[in-house]
>>> print(open('target-v2.cif').read())   # mmCIF, C-alpha atoms and all ligand atoms
data_protein
loop_
_atom_site.label_atom_id
_atom_site.label_comp_id
_atom_site.auth_asym_id
_atom_site.auth_seq_id
_atom_site.Cartn_x
_atom_site.Cartn_y
_atom_site.Cartn_z
CA MET A 1 77.27 25.13 48.83
CA ASN A 2 78.20 23.31 51.92
CA PHE A 3 80.49 20.33 51.58
CA SER A 4 83.25 18.94 53.75
CA HIS A 5 85.97 21.22 52.43
CA SER A 6 86.67 22.81 55.78
CA ASN A 7 88.07 19.68 57.42
CA ILE A 8 90.31 18.30 54.71
CA GLN A 9 93.79 17.58 56.02
CA ASN A 10 97.03 17.68 54.06
CA GLU A 11 98.75 14.30 53.74
CA LEU A 12 102.49 13.68 53.57
CA ILE A 13 102.95 11.01 50.91
CA TYR A 14 106.67 11.06 50.09
CA THR A 15 110.02 12.23 51.47
CA SER A 16 113.09 12.12 49.22
CA ARG A 17 116.62 11.32 50.35
CA GLN A 18 117.37 15.06 50.20
CA GLY A 19 114.54 15.67 52.63
CA VAL A 20 112.15 17.11 50.05
CA GLU A 21 108.66 16.52 51.40
CA LEU A 22 105.64 16.06 49.13
CA TRP A 23 102.28 16.77 50.73
CA LEU A 24 98.89 16.47 49.09
CA LYS A 25 95.86 18.66 49.60
CA ARG A 26 93.03 16.21 49.07
CA GLU A 27 90.50 18.42 47.29
CA ASP A 28 89.37 15.25 45.54
CA LEU A 29 87.65 14.27 48.79
CA ILE A 30 85.38 17.35 48.92
CA HIS A 31 82.46 15.58 47.28
CA PRO A 32 82.13 12.34 45.28
CA LEU A 33 80.42 14.06 42.34
CA VAL A 34 81.43 17.73 42.45
CA SER A 35 85.05 17.07 43.22
CA GLY A 36 88.11 19.18 43.71
CA ASN A 37 88.59 22.42 41.90
CA LYS A 38 85.24 22.16 40.12
CA PHE A 39 83.48 22.63 43.45
CA ARG A 40 85.67 25.67 44.16
CA LYS A 41 85.02 27.14 40.72
CA LEU A 42 81.26 26.67 40.87
CA LYS A 43 80.64 27.86 44.40
CA TYR A 44 80.32 31.63 43.80
CA ASN A 45 78.93 31.15 40.30
CA LEU A 46 75.99 29.19 41.68
CA GLU A 47 75.45 31.80 44.38
CA MET A 48 75.36 34.43 41.64
CA ALA A 49 72.96 32.37 39.55
CA LYS A 50 70.60 32.12 42.53
CA ALA A 51 70.94 35.84 43.26
CA LEU A 52 70.02 36.60 39.64
CA ASP A 53 67.05 34.24 39.87
CA CYS A 54 68.32 32.08 37.05
CA ASP A 55 66.78 28.61 36.98
CA THR A 56 69.10 27.04 34.40
CA LEU A 57 72.86 26.59 34.12
CA VAL A 58 74.27 26.40 30.60
CA THR A 59 77.85 25.38 30.01
CA PHE A 60 80.25 23.78 27.50
CA GLY A 61 82.60 20.85 27.33
CA GLY A 62 84.07 17.86 25.56
CA ALA A 63 82.84 14.30 25.82
CA PHE A 64 84.88 13.43 28.93
CA SER A 65 84.79 16.81 30.65
CA ASN A 66 85.03 16.91 34.46
CA HIS A 67 83.38 20.32 34.29
CA ILE A 68 80.30 18.95 32.49
CA ALA A 69 80.00 16.18 35.09
CA ALA A 70 80.39 18.65 37.96
CA VAL A 71 77.82 21.14 36.62
CA ALA A 72 75.33 18.33 36.03
CA ALA A 73 75.78 17.05 39.60
CA ALA A 74 75.72 20.53 41.14
CA GLY A 75 72.56 21.38 39.21
CA GLU A 76 70.82 18.36 40.61
CA LEU A 77 71.99 19.14 44.15
CA TYR A 78 71.08 22.83 44.05
CA GLU A 79 67.94 22.62 41.93
CA PHE A 80 69.00 24.17 38.68
CA LYS A 81 68.06 22.81 35.31
CA THR A 82 71.27 22.17 33.39
CA VAL A 83 72.20 22.25 29.72
CA GLY A 84 75.53 20.98 28.40
CA ILE A 85 76.73 22.13 24.98
CA ILE A 86 78.91 19.21 23.91
CA ARG A 87 81.66 19.33 21.29
CA GLY A 88 81.06 16.81 18.49
CA GLU A 89 77.79 16.05 16.70
CA GLU A 90 78.88 12.45 16.18
CA LEU A 91 78.41 11.80 19.92
CA GLU A 92 74.67 12.36 19.77
CA GLY A 93 73.76 8.69 19.37
CA LYS A 94 76.56 7.42 21.60
CA VAL A 95 75.68 8.86 24.99
CA ASP A 96 75.18 5.46 26.53
CA ASP A 97 78.73 4.43 25.56
CA ASN A 98 80.27 7.40 27.32
CA PRO A 99 80.40 7.31 31.12
CA THR A 100 80.70 11.10 31.54
CA LEU A 101 77.77 11.95 29.26
CA GLN A 102 75.73 9.10 30.68
CA PHE A 103 76.31 10.48 34.17
CA ALA A 104 75.40 14.00 33.07
CA LYS A 105 72.19 12.80 31.46
CA LYS A 106 71.24 10.75 34.51
CA SER A 107 71.78 13.85 36.65
CA GLY A 108 69.19 15.63 34.54
CA MET A 109 71.45 17.56 32.18
CA ARG A 110 70.05 18.25 28.76
CA LEU A 111 72.79 17.59 26.23
CA LYS A 112 73.05 19.62 23.05
CA PHE A 113 75.59 18.37 20.56
CA VAL A 114 77.21 20.87 18.23
CA SER A 115 79.77 20.63 15.45
CA ARG A 116 83.40 21.40 16.19
CA ALA A 117 83.08 24.59 14.12
CA THR A 118 80.09 25.82 16.15
CA TYR A 119 81.84 24.82 19.34
CA ARG A 120 84.90 26.87 18.43
CA ASP A 121 82.60 29.91 18.15
CA LYS A 122 80.89 29.32 21.47
CA ALA A 123 82.10 32.60 23.02
CA SER A 124 80.92 34.70 20.08
CA ASN A 125 78.11 37.20 20.63
CA ALA A 126 75.95 35.52 18.00
CA PHE A 127 76.14 32.14 19.71
CA LEU A 128 75.60 33.55 23.19
CA MET A 129 72.58 35.50 21.92
CA SER A 130 71.10 32.36 20.44
CA LEU A 131 71.58 30.60 23.79
CA ASN A 132 69.91 33.50 25.58
CA ASN A 133 66.96 33.18 23.24
CA GLU A 134 66.67 29.46 23.67
CA PHE A 135 67.21 29.50 27.46
CA PRO A 136 65.97 32.93 28.59
CA ASN A 137 66.51 32.40 32.28
CA ALA A 138 69.95 30.82 32.09
CA TYR A 139 73.25 31.55 33.80
CA ILE A 140 76.02 30.81 31.32
CA ILE A 141 79.26 29.35 32.69
CA PRO A 142 82.26 29.39 30.34
CA GLU A 143 84.11 26.25 29.22
CA GLY A 144 86.14 24.84 32.08
CA GLY A 145 84.25 27.18 34.43
CA THR A 146 86.94 29.86 34.61
CA ASN A 147 85.87 33.42 35.34
CA GLN A 148 86.41 35.97 38.10
CA LEU A 149 84.02 34.18 40.49
CA ALA A 150 85.73 30.86 39.85
CA VAL A 151 89.08 32.40 40.74
CA LYS A 152 87.54 33.80 43.91
CA GLY A 153 86.40 30.28 44.86
CA CYS A 154 89.88 28.89 44.21
CA GLU A 155 91.36 31.52 46.52
CA GLU A 156 89.80 29.46 49.32
CA ILE A 157 91.83 26.32 48.58
CA LEU A 158 94.86 27.45 50.60
CA THR A 159 94.46 28.07 54.31
CA ASP A 160 96.62 30.09 56.73
CA GLN A 161 98.39 26.92 57.86
CA ASP A 162 99.54 26.25 54.29
CA ALA A 163 101.92 29.22 54.54
CA LEU A 164 104.52 26.80 55.90
CA PHE A 165 104.99 25.26 52.44
CA ASP A 166 107.72 26.55 50.14
CA VAL A 167 106.14 25.42 46.88
CA ILE A 168 102.52 24.92 45.78
CA CYS A 169 101.86 22.74 42.71
CA CYS A 170 98.73 22.28 40.61
CA PRO A 171 97.71 21.02 37.18
CA ILE A 172 96.42 23.61 34.70
CA GLY A 173 93.66 23.48 32.11
CA THR A 174 92.26 26.96 31.64
CA GLY A 175 94.24 28.62 34.45
CA GLY A 176 91.46 29.51 36.89
CA THR A 177 92.65 27.27 39.67
CA ILE A 178 96.26 28.42 39.68
CA SER A 179 95.08 32.04 39.57
CA GLY A 180 93.19 31.54 42.81
CA LEU A 181 96.21 29.84 44.38
CA ILE A 182 98.52 32.68 43.32
CA ASN A 183 96.17 35.29 44.77
CA SER A 184 96.02 33.59 48.15
CA ALA A 185 99.63 32.37 48.42
CA SER A 186 102.21 34.14 50.57
CA PRO A 187 104.89 36.18 48.78
CA HIS A 188 107.62 33.73 49.91
CA GLN A 189 105.88 30.79 48.22
CA ASN A 190 106.51 29.64 44.68
CA ILE A 191 103.48 28.40 42.75
CA ILE A 192 104.24 25.91 39.99
CA GLY A 193 101.64 25.03 37.38
CA PHE A 194 101.73 22.00 35.11
CA PRO A 195 99.77 22.73 31.89
CA VAL A 196 98.07 19.63 30.51
CA LEU A 197 97.64 21.06 27.04
CA LYS A 198 100.08 22.47 24.56
CA GLY A 199 100.16 26.18 23.72
CA ASP A 200 101.32 29.45 25.27
CA PHE A 201 98.04 31.25 25.75
CA LEU A 202 98.12 30.45 29.47
CA SER A 203 100.51 33.04 30.89
CA SER A 204 98.48 35.94 29.53
CA GLU A 205 95.24 34.27 30.64
CA ILE A 206 96.55 33.87 34.20
CA SER A 207 97.96 37.41 34.22
CA LYS A 208 94.41 38.74 33.80
CA PHE A 209 93.49 37.39 37.23
CA VAL A 210 96.62 37.83 39.37
CA GLN A 211 99.00 40.50 40.65
CA GLN A 212 101.80 38.49 42.30
CA GLN A 213 104.78 37.33 40.22
CA ASN A 214 105.82 34.29 42.28
CA TRP A 215 104.63 31.62 39.85
CA GLU A 216 105.93 29.63 36.93
CA LEU A 217 104.59 27.17 34.39
CA LEU A 218 106.49 23.95 33.62
CA SER A 219 105.39 22.81 30.20
CA ASP A 220 107.30 19.54 29.79
CA TYR A 221 104.69 17.22 31.27
CA HIS A 222 101.63 17.38 29.00
CA PHE A 223 102.45 14.01 27.36
CA GLY A 224 101.61 15.34 23.90
CA GLY A 225 98.46 17.25 24.75
CA TYR A 226 95.09 17.19 26.38
CA ALA A 227 93.93 13.67 27.36
CA LYS A 228 96.99 12.16 25.62
CA ILE A 229 98.45 9.25 27.52
CA ASN A 230 101.18 6.63 27.10
CA VAL A 231 102.41 3.47 28.78
CA GLU A 232 104.74 5.41 31.06
CA LEU A 233 101.87 7.50 32.44
CA VAL A 234 99.51 4.55 32.94
CA THR A 235 102.25 2.61 34.72
CA PHE A 236 102.98 5.66 36.86
CA LEU A 237 99.32 6.07 37.90
CA ASN A 238 99.10 2.42 38.88
CA ARG A 239 102.36 2.67 40.83
CA CYS A 240 101.19 5.80 42.67
CA TYR A 241 98.09 3.93 43.77
CA ARG A 242 100.21 1.01 44.99
CA ASP A 243 102.88 3.15 46.70
CA PHE A 244 100.84 6.05 48.09
CA GLY A 245 97.31 4.61 48.18
CA VAL A 246 96.07 7.65 46.23
CA LYS A 247 94.23 7.65 42.91
CA PHE A 248 95.30 10.29 40.39
CA ASP A 249 93.41 10.97 37.18
CA PRO A 250 95.12 10.53 33.80
CA VAL A 251 94.27 13.99 32.40
CA TYR A 252 95.32 16.41 35.15
CA THR A 253 96.62 15.27 38.52
CA GLY A 254 98.54 12.27 37.13
CA LYS A 255 100.56 14.51 34.83
CA MET A 256 101.29 16.96 37.64
CA MET A 257 102.42 14.12 39.90
CA PHE A 258 104.62 12.69 37.17
CA GLY A 259 106.20 16.12 36.79
CA ILE A 260 106.74 16.59 40.51
CA MET A 261 108.34 13.17 41.01
CA ASP A 262 110.56 13.76 37.97
CA LEU A 263 111.66 17.17 39.27
CA ILE A 264 112.39 15.75 42.72
CA ALA A 265 114.49 12.98 41.14
CA LYS A 266 116.41 15.61 39.14
CA ASP A 267 117.11 17.72 42.27
CA TYR A 268 115.10 20.64 40.93
CA PHE A 269 114.16 21.53 44.50
CA LYS A 270 116.57 22.50 47.29
CA PRO A 271 117.04 19.92 50.09
CA ASN A 272 114.25 20.01 52.70
CA THR A 273 111.85 21.91 50.44
CA LYS A 274 108.24 21.42 51.50
CA LEU A 275 105.93 20.92 48.52
CA LEU A 276 102.15 21.02 48.62
CA ALA A 277 100.46 19.50 45.57
CA ILE A 278 96.76 20.22 45.06
CA HIS A 279 94.81 17.06 44.24
CA THR A 280 92.20 18.78 42.10
CA GLY A 281 90.01 15.68 41.69
CA GLY A 282 88.96 14.52 38.22
CA LEU A 283 88.61 10.83 39.00
CA GLN A 284 85.33 10.55 37.11
CA GLY A 285 87.49 10.58 33.98
CA VAL A 286 89.19 7.27 34.74
CA LYS A 287 86.30 5.14 33.45
CA GLY A 288 86.18 6.90 30.11
CA MET A 289 89.96 6.75 29.73
CA ASN A 290 89.96 3.01 30.41
CA GLN A 291 87.30 2.57 27.75
CA LYS A 292 89.58 4.30 25.28
CA LEU A 293 92.61 2.30 26.48
CA LYS A 294 90.79 -0.97 25.78
CA HIS A 295 91.06 -0.16 22.08
CA THR A 296 94.84 0.26 22.29
CA GLN A 297 97.84 -1.88 23.21
CA LEU A 298 98.31 0.08 26.43
CA PRO A 299 97.66 -1.34 29.90
CA LEU A 300 94.57 -0.16 31.79
CA ILE A 301 94.47 2.15 34.80
CA ASN A 302 94.04 -0.25 37.68
CA PHE A 303 92.93 1.05 41.09
CA GLU A 304 91.89 -2.34 42.49
C1 LIG A 401 89.35 21.21 35.34
C2 LIG A 401 90.46 20.57 36.08
C3 LIG A 401 91.72 21.19 36.23
C4 LIG A 401 92.07 22.48 35.54
O1 LIG A 401 91.62 23.60 36.21
P1 LIG A 401 91.73 25.04 35.51
O2 LIG A 401 91.16 25.95 36.50
O3 LIG A 401 90.91 24.95 34.26
O4 LIG A 401 93.16 25.29 35.20
C5 LIG A 401 92.68 20.57 37.01
N1 LIG A 401 92.43 19.37 37.59
C6 LIG A 401 91.25 18.75 37.44
C7 LIG A 401 91.08 17.43 38.09
C8 LIG A 401 90.24 19.31 36.70
O5 LIG A 401 89.07 18.66 36.54
#
>>> encode(input="target-v2.cif", output="structure tokens")
Amino acid sequence: MNFSHSNIQNELIYTSRQGVELWLKREDLIHPLVSGNKFRKLKYNLEMAKALDCDTLVTFGGAFSNHIAAVAAAGELYEFKTVGIIRGEELEGKVDDNPTLQFAKKSGMRLKFVSRATYRDKASNAFLMSLNNEFPNAYIIPEGGTNQLAVKGCEEILTDQDALFDVICCPIGTGGTISGLINSASPHQNIIGFPVLKGDFLSSEISKFVQQQNWELLSDYHFGGYAKINVELVTFLNRCYRDFGVKFDPVYTGKMMFGIMDLIAKDYFKPNTKLLAIHTGGLQGVKGMNQKLKHTQLPLINFE
């Protein structure tokens, strides 16, 4: 997989009065369709799928999943058939109302809708066996794409030059991305993760993939849970676009950025700390979120 990830520069977007610098690593610019950490997580998995002579990628996700969109796009680019197991039978007739699923379908992904109960059991042996029967030559990628090969891909996000940063920040879904960052960070760096869903399963999940101890999770910025949003967050996203000229997505990077700006304002960081925040992409989700926001009293995300 050969995209433009080798020449992405870090951008300084903000300096506080205490001299705290906030830099962004623009992983969102890697590719318009396979953006950010999803490219990193797929890279070695697709190489493995090719090596195993698999012709089909099967994976799992919700109706607005960045991972589903990325696998669909990567399949089309690298000539795999793709199958998406989607949570929620009720979505079956509504594909054309959902920008993520519509995109996946247009990219050639076959969508299979399953009940929430079946979806919950997706890692069970029985379900995986049934998938193997139905798609005999398939490479199965877990939900969110996190596995050992995904972590290996995420170890390539940081470069040698990034050792000058004191703190590395990233949003967390399943923990694969931060695991790669932890493995490739220098011992003097502190890696801070911002979980976007509630729950404490993450620390043990991350511990499976990493050895270093120089990381922490800050769990106060999930805004009530996965894909939950409020007026403060929408206003913040729109202000970031105005002030920094950068689009952040409402599910992951927006929540991380909100957390970072809040921590800077509260003097959480020592003066002159250099922060590097990973812009993990995810902007395909903005359309779907705006569709949902139209049915509420909240303002829309506006990147015009
Ligand atoms: C999937 C995703 C994440 C979460 O990555 P994990 O490896 O699952 O923790 C973060 N940001 C964006 C934009 C994503 O799409």
>>> atom_distance(input="target-v2.cif", atom1="CA of Gly180 in chain A", atom2="CA of Phe209 in chain A")
8.1 Å
>>> closest_atom_pairs(input="target-v2.cif", of="chain A", to="ligand LIG 401 (chain A)", cutoff="10 Å", atoms="only C-alpha atoms and all ligand atoms", output="tab-separated table")
residue	atom	partner	partner_atom	distance
A:Glu27	CA	A:LIG401	C7	9.3
A:Asp28	CA	A:LIG401	C7	7.9
A:Val34	CA	A:LIG401	O5	9.7
A:Ser35	CA	A:LIG401	C7	7.9
A:Gly36	CA	A:LIG401	C7	6.6
A:Asn37	CA	A:LIG401	C8	6.3
A:Lys38	CA	A:LIG401	O5	6.3
A:Phe39	CA	A:LIG401	O5	9.7
A:Arg40	CA	A:LIG401	O2	9.4
A:Lys41	CA	A:LIG401	O2	7.5
A:Ser65	CA	A:LIG401	O5	7.5
A:Asn66	CA	A:LIG401	O5	4.9
A:His67	CA	A:LIG401	C1	6.1
A:Ile68	CA	A:LIG401	O5	9.7
A:Ala69	CA	A:LIG401	O5	9.5
A:Ala70	CA	A:LIG401	O5	8.8
A:Glu143	CA	A:LIG401	O3	8.6
A:Gly144	CA	A:LIG401	O3	5.2
A:Gly145	CA	A:LIG401	O3	7.0
A:Thr146	CA	A:LIG401	O2	6.1
A:Asn147	CA	A:LIG401	O2	9.2
A:Ala150	CA	A:LIG401	O2	8.1
A:Val151	CA	A:LIG401	O2	8.0
A:Cys154	CA	A:LIG401	O2	8.4
A:Cys170	CA	A:LIG401	C5	7.2
A:Pro171	CA	A:LIG401	C5	5.1
A:Ile172	CA	A:LIG401	O4	3.7
A:Gly173	CA	A:LIG401	O4	3.6
A:Thr174	CA	A:LIG401	O3	3.6
A:Gly175	CA	A:LIG401	O4	3.6
A:Gly176	CA	A:LIG401	O2	3.6
A:Thr177	CA	A:LIG401	O2	3.7
A:Ile178	CA	A:LIG401	O4	6.3
A:Ser179	CA	A:LIG401	O2	7.9
A:Gly180	CA	A:LIG401	O2	8.7
A:Gly193	CA	A:LIG401	O4	8.8
A:Phe194	CA	A:LIG401	O4	9.2
A:Pro195	CA	A:LIG401	O4	7.8
A:Val196	CA	A:LIG401	C4	8.3
A:Leu202	CA	A:LIG401	O4	9.2
A:Ile206	CA	A:LIG401	O4	9.3
A:Phe248	CA	A:LIG401	C7	8.6
A:Asp249	CA	A:LIG401	C7	6.9
A:Pro250	CA	A:LIG401	C7	9.1
A:Val251	CA	A:LIG401	C7	7.4
A:Tyr252	CA	A:LIG401	N1	4.8
A:Thr253	CA	A:LIG401	N1	5.9
A:Gly254	CA	A:LIG401	C7	9.1
A:Lys255	CA	A:LIG401	N1	9.9
A:Met256	CA	A:LIG401	N1	9.2
A:Ile278	CA	A:LIG401	N1	8.7
A:His279	CA	A:LIG401	C7	7.2
A:Thr280	CA	A:LIG401	C7	4.4
A:Gly281	CA	A:LIG401	C7	4.1
A:Gly282	CA	A:LIG401	C7	3.6
A:Leu283	CA	A:LIG401	C7	7.1
A:Gln284	CA	A:LIG401	O5	8.9
A:Gly285	CA	A:LIG401	O5	8.6
>>> closest_residue(input="target-v2.cif", among="A:Ala63, A:Val246, A:Ala185, A:Leu276", to="Asp160 in chain A", atoms="all atoms listed in the file")
A:Ala185
>>> closest_residue(input="target-v2.cif", among="A:Phe303, A:Ser219, A:Asn183, A:Glu11", to="Lys247 in chain A", atoms="all atoms listed in the file")
A:Phe303
>>> residues_around(input="target-v2.cif", residues="Gly88 in chain A", least_positions_apart="2", cutoff="7 Å", atoms="all atoms listed in the file", output="list in words")
Ile86, Glu90, Leu91, Phe113, Val114, Ser115 and Arg116 of chain A
>>> write_last_selection(input="target-v2.cif", atoms="C-alpha atoms", output="compact mmCIF listing (two decimals), keeping the file's coordinate frame")
# COMPACT_ATOMS: atom_id res chain seq x y z
CA ILE A 86 78.91 19.21 23.91
CA GLU A 90 78.88 12.45 16.18
CA LEU A 91 78.41 11.80 19.92
CA PHE A 113 75.59 18.37 20.56
CA VAL A 114 77.21 20.87 18.23
CA SER A 115 79.77 20.63 15.45
CA ARG A 116 83.40 21.40 16.19
>>> atom_distance(input="target-v2.cif", atom1="CA of Val231 in chain A", atom2="CA of Asn98 in chain A")
22.5 Å
>>> decode(input="target-v2.cif", residues="range 213-236 of chain A", atoms="N, CA, C and O atoms", output="mmCIF file, in the first residue's frame")
data_model
loop_
_atom_site.group_PDB
_atom_site.id
_atom_site.type_symbol
_atom_site.label_atom_id
_atom_site.label_comp_id
_atom_site.auth_asym_id
_atom_site.auth_seq_id
_atom_site.Cartn_x
_atom_site.Cartn_y
_atom_site.Cartn_z
ATOM 1 N N GLN A 213 5.459 1.669 29.924
ATOM 2 C CA GLN A 213 4.459 2.118 30.911
ATOM 3 C C GLN A 213 4.129 3.607 30.784
ATOM 4 O O GLN A 213 3.357 4.141 31.581
ATOM 5 N N ASN A 214 4.748 4.289 29.821
ATOM 6 C CA ASN A 214 4.638 5.759 29.786
ATOM 7 C C ASN A 214 3.393 6.222 29.043
ATOM 8 O O ASN A 214 3.463 6.981 28.102
ATOM 9 N N TRP A 215 2.225 5.751 29.482
ATOM 10 C CA TRP A 215 0.983 6.171 28.845
ATOM 11 C C TRP A 215 -0.120 6.283 29.881
ATOM 12 O O TRP A 215 -0.048 5.698 30.954
ATOM 13 N N GLU A 216 -1.114 7.087 29.561
ATOM 14 C CA GLU A 216 -2.282 7.205 30.430
ATOM 15 C C GLU A 216 -3.518 7.458 29.590
ATOM 16 O O GLU A 216 -3.437 7.939 28.457
ATOM 17 N N LEU A 217 -4.671 7.099 30.164
ATOM 18 C CA LEU A 217 -5.941 7.334 29.492
ATOM 19 C C LEU A 217 -6.695 8.406 30.262
ATOM 20 O O LEU A 217 -6.791 8.332 31.490
ATOM 21 N N LEU A 218 -7.211 9.411 29.570
ATOM 22 C CA LEU A 218 -8.009 10.454 30.214
ATOM 23 C C LEU A 218 -9.454 10.291 29.757
ATOM 24 O O LEU A 218 -9.781 10.513 28.591
ATOM 25 N N SER A 219 -10.276 9.869 30.690
ATOM 26 C CA SER A 219 -11.620 9.385 30.329
ATOM 27 C C SER A 219 -12.739 10.405 30.519
ATOM 28 O O SER A 219 -13.905 10.030 30.581
ATOM 29 N N ASP A 220 -12.388 11.677 30.615
ATOM 30 C CA ASP A 220 -13.429 12.689 30.886
ATOM 31 C C ASP A 220 -13.972 13.359 29.631
ATOM 32 O O ASP A 220 -14.715 14.332 29.723
ATOM 33 N N TYR A 221 -13.600 12.872 28.470
ATOM 34 C CA TYR A 221 -13.956 13.619 27.252
ATOM 35 C C TYR A 221 -14.712 12.776 26.233
ATOM 36 O O TYR A 221 -14.621 13.011 25.043
ATOM 37 N N HIS A 222 -15.498 11.795 26.705
ATOM 38 C CA HIS A 222 -16.247 10.978 25.732
ATOM 39 C C HIS A 222 -17.631 11.554 25.439
ATOM 40 O O HIS A 222 -18.348 11.042 24.587
ATOM 41 N N PHE A 223 -18.016 12.621 26.134
ATOM 42 C CA PHE A 223 -19.303 13.285 25.868
ATOM 43 C C PHE A 223 -20.488 12.329 25.986
ATOM 44 O O PHE A 223 -21.457 12.441 25.236
ATOM 45 N N GLY A 224 -20.388 11.358 26.897
ATOM 46 C CA GLY A 224 -21.541 10.487 27.123
ATOM 47 C C GLY A 224 -21.466 9.170 26.387
ATOM 48 O O GLY A 224 -22.291 8.294 26.601
ATOM 49 N N GLY A 225 -20.496 9.009 25.503
ATOM 50 C CA GLY A 225 -20.338 7.710 24.849
ATOM 51 C C GLY A 225 -20.087 7.838 23.370
ATOM 52 O O GLY A 225 -19.979 8.934 22.816
ATOM 53 N N TYR A 226 -19.984 6.677 22.748
ATOM 54 C CA TYR A 226 -19.615 6.604 21.346
ATOM 55 C C TYR A 226 -20.637 7.341 20.458
ATOM 56 O O TYR A 226 -21.838 7.090 20.548
ATOM 57 N N ALA A 227 -20.131 8.252 19.633
ATOM 58 C CA ALA A 227 -20.964 9.011 18.687
ATOM 59 C C ALA A 227 -21.971 9.927 19.375
ATOM 60 O O ALA A 227 -22.857 10.480 18.734
ATOM 61 N N LYS A 228 -21.838 10.114 20.707
ATOM 62 C CA LYS A 228 -22.686 11.088 21.400
ATOM 63 C C LYS A 228 -22.078 12.481 21.181
ATOM 64 O O LYS A 228 -20.857 12.640 21.116
ATOM 65 N N ILE A 229 -22.946 13.461 21.119
ATOM 66 C CA ILE A 229 -22.480 14.791 20.742
ATOM 67 C C ILE A 229 -23.411 15.800 21.407
ATOM 68 O O ILE A 229 -24.549 15.473 21.721
ATOM 69 N N ASN A 230 -22.921 17.006 21.683
ATOM 70 C CA ASN A 230 -23.804 18.043 22.224
ATOM 71 C C ASN A 230 -23.433 19.388 21.598
ATOM 72 O O ASN A 230 -22.520 19.470 20.780
ATOM 73 N N VAL A 231 -24.141 20.421 22.014
ATOM 74 C CA VAL A 231 -23.958 21.731 21.369
ATOM 75 C C VAL A 231 -22.533 22.248 21.582
ATOM 76 O O VAL A 231 -21.935 22.865 20.694
ATOM 77 N N GLU A 232 -21.976 21.946 22.746
ATOM 78 C CA GLU A 232 -20.622 22.408 23.046
ATOM 79 C C GLU A 232 -19.606 21.801 22.057
ATOM 80 O O GLU A 232 -18.702 22.490 21.581
ATOM 81 N N LEU A 233 -19.792 20.528 21.761
ATOM 82 C CA LEU A 233 -18.848 19.864 20.853
ATOM 83 C C LEU A 233 -19.013 20.356 19.409
ATOM 84 O O LEU A 233 -18.031 20.623 18.717
ATOM 85 N N VAL A 234 -20.257 20.516 18.975
ATOM 86 C CA VAL A 234 -20.468 21.017 17.602
ATOM 87 C C VAL A 234 -19.876 22.420 17.460
ATOM 88 O O VAL A 234 -19.163 22.723 16.494
ATOM 89 N N THR A 235 -20.150 23.261 18.446
ATOM 90 C CA THR A 235 -19.616 24.625 18.410
ATOM 91 C C THR A 235 -18.095 24.609 18.383
ATOM 92 O O THR A 235 -17.458 25.378 17.657
ATOM 93 N N PHE A 236 -17.518 23.693 19.164
ATOM 94 C CA PHE A 236 -16.063 23.571 19.227
ATOM 95 C C PHE A 236 -15.482 23.155 17.870
ATOM 96 O O PHE A 236 -14.483 23.714 17.408
#
